[in-house]
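*Asks:* Hey, dropping upload-v3.txt in here, compact mmCIF, C-alpha atoms:
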# COMPACT_ATOMS: atom_id res chain seq x y z
CA MET A 1230 2.26 -23.42 -11.78
CA ASP A 1231 0.04 -21.45 -9.41
CA ILE A 1232 2.32 -22.06 -6.48
CA PHE A 1233 5.38 -21.14 -8.54
CA LEU A 1234 3.84 -17.84 -9.67
CA PHE A 1235 2.71 -17.06 -6.14
CA ILE A 1236 6.13 -17.69 -4.62
CA LEU A 1237 7.88 -15.72 -7.37
CA PHE A 1238 5.71 -12.61 -7.08
CA ALA A 1239 5.35 -12.82 -3.31
CA SER A 1240 9.16 -12.81 -3.05
CA ILE A 1241 9.35 -9.82 -5.37
CA ALA A 1242 6.74 -8.00 -3.28
CA VAL A 1243 8.51 -8.72 0.01
CA PHE A 1244 11.93 -7.84 -1.39
CA CYS A 1245 10.66 -4.53 -2.78
CA ALA A 1246 8.79 -3.78 0.46
CA VAL A 1247 11.98 -4.30 2.48
CA ASN A 1248 13.72 -2.04 0.00
CA VAL A 1249 11.07 0.67 0.55
CA VAL A 1250 11.83 0.66 4.26
CA VAL A 1251 15.63 0.37 4.26
CA GLN A 1252 16.60 2.71 1.41
CA THR A 1253 17.64 6.15 2.53
CA HIS A 1254 16.85 7.99 -0.68
CA PRO A 1255 13.12 8.65 -1.28
CA ILE A 1256 13.28 8.10 -5.05
CA THR A 1257 14.62 4.57 -4.55
CA SER A 1258 11.85 3.89 -2.06
CA ALA A 1259 9.28 5.16 -4.55
CA LEU A 1260 10.52 2.92 -7.35
CA SER A 1261 10.56 -0.08 -4.98
CA LEU A 1262 6.97 0.73 -4.05
CA VAL A 1263 6.07 0.59 -7.74
CA GLY A 1264 7.60 -2.89 -7.75
CA VAL A 1265 5.44 -3.95 -4.79
CA MET A 1266 2.34 -2.68 -6.57
CA GLY A 1267 3.16 -4.48 -9.81
CA ALA A 1268 3.74 -7.76 -7.98
CA LEU A 1269 0.48 -7.32 -6.08
CA ALA A 1270 -1.35 -6.74 -9.37
CA VAL A 1271 -0.18 -10.16 -10.59
CA LEU A 1272 -1.36 -11.73 -7.32
CA TYR A 1273 -4.76 -10.06 -7.80
CA LEU A 1274 -4.95 -11.66 -11.24
CA LEU A 1275 -4.21 -15.07 -9.69
CA LEU A 1276 -7.08 -14.43 -7.28
CA GLY A 1277 -9.44 -13.71 -10.16
CA ALA A 1278 -9.70 -9.96 -9.57
CA GLU A 1279 -9.16 -8.69 -13.09
CA PHE A 1280 -10.67 -5.25 -12.64
CA ILE A 1281 -8.78 -4.65 -9.41
CA ALA A 1282 -5.52 -5.74 -11.01
CA ALA A 1283 -5.98 -3.22 -13.81
CA ALA A 1284 -7.01 -0.49 -11.36
CA GLN A 1285 -3.98 -1.29 -9.22
CA ILE A 1286 -1.65 -0.65 -12.16
CA VAL A 1287 -3.50 2.41 -13.46
CA VAL A 1288 -4.37 4.15 -10.18
CA TYR A 1289 -1.59 3.13 -7.82
CA ALA A 1290 1.46 2.47 -9.97
CA GLY A 1291 0.34 4.99 -12.57
CA ALA A 1292 -1.28 7.96 -10.87
CA ILE A 1293 -0.36 7.96 -7.19
CA MET A 1294 3.29 7.00 -7.60
CA VAL A 1295 3.78 9.54 -10.38
CA LEU A 1296 2.48 12.15 -7.93
CA PHE A 1297 5.01 10.94 -5.36
CA VAL A 1298 7.88 11.04 -7.84
CA PHE A 1299 6.83 14.53 -8.95
CA VAL A 1300 6.90 15.81 -5.38
CA ILE A 1301 10.23 14.13 -4.62
CA MET A 1302 11.79 15.76 -7.68
CA LEU A 1303 10.10 19.10 -7.04
CA LEU A 1304 11.45 19.26 -3.50
CA ASN A 1305 14.81 17.87 -4.60
CA ALA A 1306 14.69 15.58 -1.59
CA GLY A 1307 18.08 14.18 -0.72
CA GLY A 1308 19.05 11.16 1.29
CA GLU A 1309 18.15 10.91 4.93
CA ALA A 1310 20.81 11.90 7.42
CA LYS A 1311 22.34 9.15 9.53
CA SER A 1312 20.11 8.48 12.50
CA ALA A 1313 21.86 9.94 15.48
CA GLY A 1314 20.83 9.37 19.07
CA ARG A 1315 19.15 6.06 18.34
CA SER A 1316 20.37 3.25 20.53
CA GLN A 1317 22.37 0.43 19.00
CA MET A 1318 19.98 -2.08 20.55
CA VAL A 1319 17.30 -1.11 18.03
CA ARG A 1320 19.67 -1.77 15.16
CA TRP A 1321 20.68 -5.26 16.31
CA LEU A 1322 17.48 -6.54 17.88
CA GLY A 1323 15.03 -5.11 15.39
CA ILE A 1324 15.42 -7.60 12.55
CA PRO A 1325 15.42 -10.82 14.68
CA LEU A 1326 12.44 -9.61 16.68
CA PHE A 1327 10.58 -8.70 13.51
CA THR A 1328 11.30 -12.16 12.08
CA ILE A 1329 10.04 -13.85 15.27
CA PHE A 1330 6.93 -11.68 15.19
CA ILE A 1331 6.20 -12.64 11.58
CA GLY A 1332 6.80 -16.31 12.41
CA LEU A 1333 4.31 -16.25 15.29
CA LEU A 1334 1.81 -14.37 13.16
CA SER A 1335 2.14 -16.92 10.35
CA TYR A 1336 1.57 -19.75 12.83
CA ILE A 1337 -1.58 -18.11 14.18
CA VAL A 1338 -2.95 -17.36 10.70
CA GLN A 1339 -2.19 -20.90 9.57
CA ARG A 1340 -4.12 -22.24 12.56
CA ALA A 1341 -7.05 -19.85 12.25
CA VAL A 1342 -7.75 -20.14 8.52
CA PRO A 1343 -9.68 -23.29 7.63
CA ALA A 1344 -7.82 -25.53 5.21
CA GLY A 1345 -9.99 -25.22 2.10
CA PRO A 1346 -9.24 -26.30 -1.43
CA GLY A 1347 -6.83 -23.41 -1.75
CA VAL A 1348 -6.49 -20.78 -4.42
CA SER A 1349 -6.09 -21.86 -8.03
CA PHE A 1350 -6.34 -19.61 -11.04
CA GLY A 1351 -9.67 -19.56 -12.86
CA GLN A 1352 -11.82 -20.94 -10.04
CA PHE A 1353 -13.43 -17.59 -9.27
CA THR A 1354 -14.64 -15.42 -12.13
CA GLY A 1355 -16.63 -12.80 -10.23
CA GLY A 1356 -14.00 -10.10 -10.57
CA THR A 1357 -14.54 -8.97 -14.14
CA PRO A 1358 -15.33 -5.29 -14.79
CA ARG A 1359 -18.90 -6.40 -15.58
CA ASP A 1360 -19.49 -7.92 -12.13
CA VAL A 1361 -17.73 -5.16 -10.25
CA GLY A 1362 -19.60 -2.51 -12.18
CA ARG A 1363 -22.97 -4.12 -11.61
CA LEU A 1364 -22.38 -4.34 -7.87
CA LEU A 1365 -20.93 -0.83 -7.75
CA PHE A 1366 -23.93 0.80 -9.42
CA THR A 1367 -26.66 -1.14 -7.62
CA GLN A 1368 -25.84 -2.21 -4.10
CA TYR A 1369 -22.98 0.22 -3.50
CA LEU A 1370 -24.37 3.24 -5.33
CA LEU A 1371 -24.57 5.51 -2.28
CA PRO A 1372 -20.95 4.92 -1.15
CA PHE A 1373 -19.88 5.43 -4.76
CA GLU A 1374 -21.59 8.82 -4.94
CA ALA A 1375 -20.16 9.76 -1.54
CA THR A 1376 -16.72 8.89 -2.90
CA SER A 1377 -17.16 11.35 -5.75
CA VAL A 1378 -17.83 14.13 -3.23
CA LEU A 1379 -14.76 13.01 -1.25
CA VAL A 1380 -12.55 13.21 -4.33
CA LEU A 1381 -13.92 16.67 -5.19
CA ILE A 1382 -13.12 17.90 -1.67
CA ALA A 1383 -9.64 16.35 -1.91
CA ILE A 1384 -8.98 18.20 -5.18
CA LEU A 1385 -10.10 21.51 -3.66
CA GLY A 1386 -8.02 20.84 -0.55
CA ALA A 1387 -4.92 20.06 -2.56
CA VAL A 1388 -5.34 23.21 -4.66
CA VAL A 1389 -5.89 25.41 -1.60
CA LEU A 1390 -2.94 23.92 0.31
CA ALA A 1391 -0.43 24.03 -2.53
CA ARG A 1392 -1.39 27.41 -4.04
CA LYS A 1393 0.92 30.36 -4.17
CA GLU A 1394 0.12 33.14 -1.72
CA ILE A 1395 -1.14 36.21 -3.60
CA GLU A 1396 -0.14 39.44 -1.97
CA MET B 3 -0.13 -30.38 -12.31
CA THR B 4 -1.79 -27.38 -10.81
CA THR B 5 -1.15 -27.21 -7.12
CA ALA B 6 -3.41 -24.79 -5.31
CA VAL B 7 -1.94 -22.13 -3.07
CA PRO B 8 -3.33 -22.19 0.49
CA LEU B 9 -5.36 -19.12 1.34
CA ALA B 10 -3.30 -18.64 4.48
CA TRP B 11 -0.22 -17.85 2.39
CA TYR B 12 -1.91 -14.81 0.90
CA LEU B 13 -2.91 -13.63 4.36
CA ILE B 14 0.61 -14.19 5.69
CA LEU B 15 2.05 -12.18 2.78
CA SER B 16 -0.45 -9.46 3.57
CA ALA B 17 0.64 -9.49 7.22
CA ILE B 18 4.32 -9.28 6.27
CA LEU B 19 3.71 -6.31 3.98
CA PHE B 20 1.62 -4.59 6.66
CA GLY B 21 4.35 -5.20 9.26
CA LEU B 22 6.98 -3.73 6.95
CA GLY B 23 4.73 -0.73 6.40
CA VAL B 24 4.39 -0.21 10.15
CA ALA B 25 8.16 -0.53 10.58
CA GLY B 26 8.74 2.09 7.91
CA PHE B 27 6.12 4.37 9.41
CA VAL B 28 7.71 4.17 12.86
CA PHE B 29 11.41 4.22 12.04
CA ARG B 30 11.80 6.45 9.01
CA ARG B 31 12.13 10.19 9.50
CA ASN B 32 11.65 11.48 5.99
CA ILE B 33 8.04 12.64 5.56
CA ILE B 34 7.77 11.25 2.04
CA THR B 35 9.04 7.80 3.06
CA VAL B 36 6.61 7.75 5.99
CA PHE B 37 3.84 8.57 3.55
CA MET B 38 4.90 5.76 1.22
CA SER B 39 4.83 3.34 4.18
CA ILE B 40 1.17 4.26 4.66
CA GLU B 41 0.51 3.38 1.02
CA LEU B 42 2.27 0.05 1.61
CA MET B 43 -0.04 -0.70 4.53
CA LEU B 44 -3.12 0.14 2.44
CA ASN B 45 -1.89 -2.23 -0.26
CA ALA B 46 -1.43 -5.03 2.27
CA VAL B 47 -5.01 -4.61 3.46
CA ASN B 48 -6.23 -4.66 -0.15
CA LEU B 49 -4.55 -8.02 -0.67
CA SER B 50 -6.44 -9.41 2.34
CA PHE B 51 -9.73 -8.08 0.98
CA VAL B 52 -9.22 -9.71 -2.41
CA ALA B 53 -8.07 -13.01 -0.86
CA PHE B 54 -11.16 -13.22 1.35
CA SER B 55 -13.30 -12.25 -1.61
CA TYR B 56 -11.93 -15.25 -3.44
CA GLN B 57 -12.51 -17.57 -0.50
CA LEU B 58 -16.14 -16.48 -0.05
CA ARG B 59 -16.78 -16.39 -3.82
CA GLN B 60 -18.23 -12.87 -3.51
CA THR B 61 -17.29 -9.72 -5.37
CA ASP B 62 -17.90 -7.41 -2.39
CA GLY B 63 -14.25 -7.48 -1.34
CA HIS B 64 -13.28 -6.04 -4.72
CA ILE B 65 -15.64 -3.11 -4.14
CA TYR B 66 -14.01 -2.38 -0.80
CA THR B 67 -10.60 -2.56 -2.46
CA PHE B 68 -11.81 -0.08 -5.05
CA PHE B 69 -12.96 2.33 -2.34
CA VAL B 70 -9.64 1.96 -0.51
CA MET B 71 -7.87 2.90 -3.74
CA VAL B 72 -10.03 6.00 -4.18
CA VAL B 73 -9.43 7.08 -0.60
CA ALA B 74 -5.70 6.45 -1.03
CA ALA B 75 -5.67 8.67 -4.12
CA ALA B 76 -7.48 11.47 -2.28
CA GLU B 77 -5.17 11.06 0.69
CA ALA B 78 -2.08 11.17 -1.52
CA ALA B 79 -3.22 14.38 -3.18
CA VAL B 80 -3.94 16.19 0.09
CA GLY B 81 -0.94 14.72 1.92
CA LEU B 82 1.53 15.70 -0.76
CA ALA B 83 0.07 19.20 -0.83
CA ILE B 84 0.64 19.39 2.94
CA ILE B 85 4.22 18.16 2.46
CA LEU B 86 4.76 20.88 -0.17
CA THR B 87 3.46 23.53 2.24
CA VAL B 88 5.62 22.26 5.10
CA PHE B 89 8.67 22.28 2.88
CA LYS B 90 7.90 25.78 1.63
CA ASN B 91 7.63 27.12 5.19
CA ARG B 92 10.51 25.26 6.83
CA ALA B 93 12.78 23.93 4.07
CA THR B 94 13.03 20.53 5.73
CA LEU B 95 11.54 17.08 5.27
CA GLU B 96 12.63 15.63 8.63
CA ILE B 97 9.61 14.88 10.78
CA ASP B 98 11.64 15.38 13.97
CA GLU B 99 12.06 19.04 13.11
CA VAL B 100 8.35 19.64 12.60
CA SER B 101 7.29 19.33 16.24
CA ASP B 102 5.54 22.59 17.08
CA LEU B 103 2.58 20.84 18.65
CA LYS B 104 4.82 19.00 21.09
CA ASN B 105 5.21 21.75 23.70
As structure tokens, please, write out the structure in this file.

*Replies:*
Amino acid sequence: MDIFLFILFASIAVFCAVNVVVQTHPITSALSLVGVMGALAVLYLLLGAEFIAAAQIVVYAGAIMVLFVFVIMLLNAGGEAKSAGRSQMVRWLGIPLFTIFIGLLSYIVQRAVPAGPGVSFGQFTGGTPRDVGRLLFTQYLLPFEATSVLVLIAILGAVVLARKEIE
Amino acid sequence: MTTAVPLAWYLILSAILFGLGVAGFVFRRNIITVFMSIELMLNAVNLSFVAFSYQLRQTDGHIYTFFVMVVAAAEAAVGLAIILTVFKNRATLEIDEVSDLKN
């Protein structure tokens, strides 16, 4: 069951990720990216990361991608023009070379990672909001507070950059 | 029958997603698509963090993933504001046409 779920959602993630890269219209890419994030949320659940799975849906698929879609619609972004001046070699060699690269990488990772018992659902229960929250507010309190300052600066920066010029 | 998934598969999936993100970042010329490729790469790294967190039976990887998410949100807000400004000044989203720093 685990392996079936993994293969199903990993295929969805890879398919949507390829779609993000090859689609010419930004809105299609954005919706494919939402698909990648949803599939990854399921994989996080399989890995026992409940809080992260929920945050993935709420923050990434919910907040960040809505921001992207807003901007795409606001700018009325059309499809990308056909790439001119790019050599044909890139078009024909790119995909086989990428596949070979991924194959080599998989081989190396397979060799480097010790063959443990593997990942099965329910074996690790340290990812509940309770555990994450406890760690976040004790051991990682300083980074957490620093993050709040970072977000505040980001909000101010976004407002300053996107404001209307007042004469 | 519950067959366990090897940890390496998660890492390989993470590598594939990261590679696709890099490909999109390098080959696409629309600013927004380039930006989405960056988000894809961040997601791939998050998957690695959570997978290692499972393997080591520690929650620390989840914390790092959480921080990556927060930074991604901040980056998206500022980056999209920059894209808005660029579009307002030049009426284009092609990165090849925004090359003032080149010469």

*Asks:* Work out how far atom CA of Leu22 of chain B is from atom CA of Phe1327 of chain A, in Å to one decimal.

*Replies:*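 Atom-to-atom, atom CA of Phe1327 of chain A and atom CA of Leu22 of chain B are spaced 9.0 Å apart.
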
*Asks:* Using all atoms listed in the file, which residue out of A:Leu1371, A:Ile1241, A:Leu1296, A:Leu1326 lies closest to chain B?

*Replies:*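 Looking only at the distances to chain B, the closest residue turns out to be A:Leu1296.
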
*Asks:* Find the residues with any atom within 12 Å of (-1.7, -0.7, 4.7); use only C-alpha atoms and the coordinates as given in the file, and write the answer as a PDB file with C-alpha atoms, in the frame of the given file.

*Replies:*
ATOM      1  CA  ALA A1246       8.790  -3.780   0.460  1.00  0.00           C
TER       2      ALA A1246
ATOM      3  CA  SER B  16      -0.450  -9.460   3.570  1.00  0.00           C
ATOM      4  CA  ALA B  17       0.640  -9.490   7.220  1.00  0.00           C
ATOM      5  CA  ILE B  18       4.320  -9.280   6.270  1.00  0.00           C
ATOM      6  CA  LEU B  19       3.710  -6.310   3.980  1.00  0.00           C
ATOM      7  CA  PHE B  20       1.620  -4.590   6.660  1.00  0.00           C
ATOM      8  CA  GLY B  21       4.350  -5.200   9.260  1.00  0.00           C
ATOM      9  CA  LEU B  22       6.980  -3.730   6.950  1.00  0.00           C
ATOM     10  CA  GLY B  23       4.730  -0.730   6.400  1.00  0.00           C
ATOM     11  CA  VAL B  24       4.390  -0.210  10.150  1.00  0.00           C
ATOM     12  CA  ALA B  25       8.160  -0.530  10.580  1.00  0.00           C
ATOM     13  CA  GLY B  26       8.740   2.090   7.910  1.00  0.00           C
ATOM     14  CA  PHE B  27       6.120   4.370   9.410  1.00  0.00           C
ATOM     15  CA  VAL B  36       6.610   7.750   5.990  1.00  0.00           C
ATOM     16  CA  PHE B  37       3.840   8.570   3.550  1.00  0.00           C
ATOM     17  CA  MET B  38       4.900   5.760   1.220  1.00  0.00           C
ATOM     18  CA  SER B  39       4.830   3.340   4.180  1.00  0.00           C
ATOM     19  CA  ILE B  40       1.170   4.260   4.660  1.00  0.00           C
ATOM     20  CA  GLU B  41       0.510   3.380   1.020  1.00  0.00           C
ATOM     21  CA  LEU B  42       2.270   0.050   1.610  1.00  0.00           C
ATOM     22  CA  MET B  43      -0.040  -0.700   4.530  1.00  0.00           C
ATOM     23  CA  LEU B  44      -3.120   0.140   2.440  1.00  0.00           C
ATOM     24  CA  ASN B  45      -1.890  -2.230  -0.260  1.00  0.00           C
ATOM     25  CA  ALA B  46      -1.430  -5.030   2.270  1.00  0.00           C
ATOM     26  CA  VAL B  47      -5.010  -4.610   3.460  1.00  0.00           C
ATOM     27  CA  ASN B  48      -6.230  -4.660  -0.150  1.00  0.00           C
ATOM     28  CA  LEU B  49      -4.550  -8.020  -0.670  1.00  0.00           C
ATOM     29  CA  SER B  50      -6.440  -9.410   2.340  1.00  0.00           C
ATOM     30  CA  PHE B  51      -9.730  -8.080   0.980  1.00  0.00           C
ATOM     31  CA  THR B  67     -10.600  -2.560  -2.460  1.00  0.00           C
ATOM     32  CA  VAL B  70      -9.640   1.960  -0.510  1.00  0.00           C
ATOM     33  CA  MET B  71      -7.870   2.900  -3.740  1.00  0.00           C
ATOM     34  CA  ALA B  74      -5.700   6.450  -1.030  1.00  0.00           C
TER      35      ALA B  74
END

*Asks:* Find the smallest box with edges along x, y and z containing every listed atom of segment 1251-1254 of chain A, then add 6 Å on each side and report centre and edge lengths in Å to one decimal, as lines of an AutoDock Vina configuration file.

*Replies:*
center_x = 16.6
center_y = 4.2
center_z = 1.8
size_x = 14.0
size_y = 19.6
size_z = 16.9

*Asks:* Have a look at atom CA of Ser1349 of chain A and atom CA of Ile1232 of chain A and let me know their distance in Å, one decimal.

*Replies:*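 Atom CA of Ile1232 of chain A lies 8.6 Å from atom CA of Ser1349 of chain A.
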
*Asks:* Could you check how far atom CA of Phe1350 of chain A sits from atom CA of Leu1275 of chain A, in Å to one decimal?

*Replies:*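 Here the two named atoms are 5.2 Å from each other.
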
*Asks:* Under the rule that all atoms listed in the file are counted, which of A:Gly1347, A:Phe1366, A:Phe1373, A:Ser1240 is the nearest residue to Val7 of chain B?

*Replies:*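 Checking each candidate against Val7 of chain B, we get A:Gly1347 as the closest.
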
*Asks:* Taking into account only C-alpha atoms, which residue in the set A:Val1361, A:Leu1379, A:Ala1341, A:Leu1322 is nearest to Ala1278 of chain A?

*Replies:*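 Smallest distance to Ala1278 of chain A is found for A:Val1361.
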
*Asks:* Can you list, as a ChimeraX atom specification, every protein, DNA or RNA residue that comes within 8 Å of Arg59 of chain B when you count only C-alpha atoms, leaving out same-chain residues fewer than 3 positions away?

*Replies:* /A:1353,1355 /B:55-56

*Asks:* For a quick check of understanding, using only C-alpha atoms, which of B:Val28, B:Ala10, B:Ile65, B:Val100 has the smallest distance to Pro1343 of chain A?

*Replies:* B:Ala10

*Asks:* For chain B, which of A:Thr1357, A:Ile1286, A:Val1348, A:Leu1385 is the closest residue, counting all atoms listed in the file?

*Replies:*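 Using all atoms listed in the file, the shortest distance to chain B belongs to A:Val1348.
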
*Asks:* Given the choices A:Met1266, A:Val1249, A:Gln1339, A:Phe1330, which gets closest to Ile14 of chain B if the distance is worked out from only C-alpha atoms?

*Replies:* A:Gln1339

*Asks:* What's around segment 81-95 of chain B at 6 Å? Count all atoms listed in the file, leave out sequence neighbours fewer than 2 positions away in its own chain, and write the answer as a VMD selection string.

*Replies:* (chain A and resid 1387 1390 to 1391) or (chain B and resid 32 to 33 77 to 79)

*Asks:* Kindly export the residues of the current selection with C-alpha atoms, as a JSON list (two decimals), in the coordinates of the input.

*Replies:*
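Dumped to selection31.json:
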[["chain", "number", "residue", "atom", "x", "y", "z"],
["A", 1387, "ALA", "CA", -4.92, 20.06, -2.56],
["A", 1390, "LEU", "CA", -2.94, 23.92, 0.31],
["A", 1391, "ALA", "CA", -0.43, 24.03, -2.53],
["B", 32, "ASN", "CA", 11.65, 11.48, 5.99],
["B", 33, "ILE", "CA", 8.04, 12.64, 5.56],
["B", 77, "GLU", "CA", -5.17, 11.06, 0.69],
["B", 78, "ALA", "CA", -2.08, 11.17, -1.52],
["B", 79, "ALA", "CA", -3.22, 14.38, -3.18]]
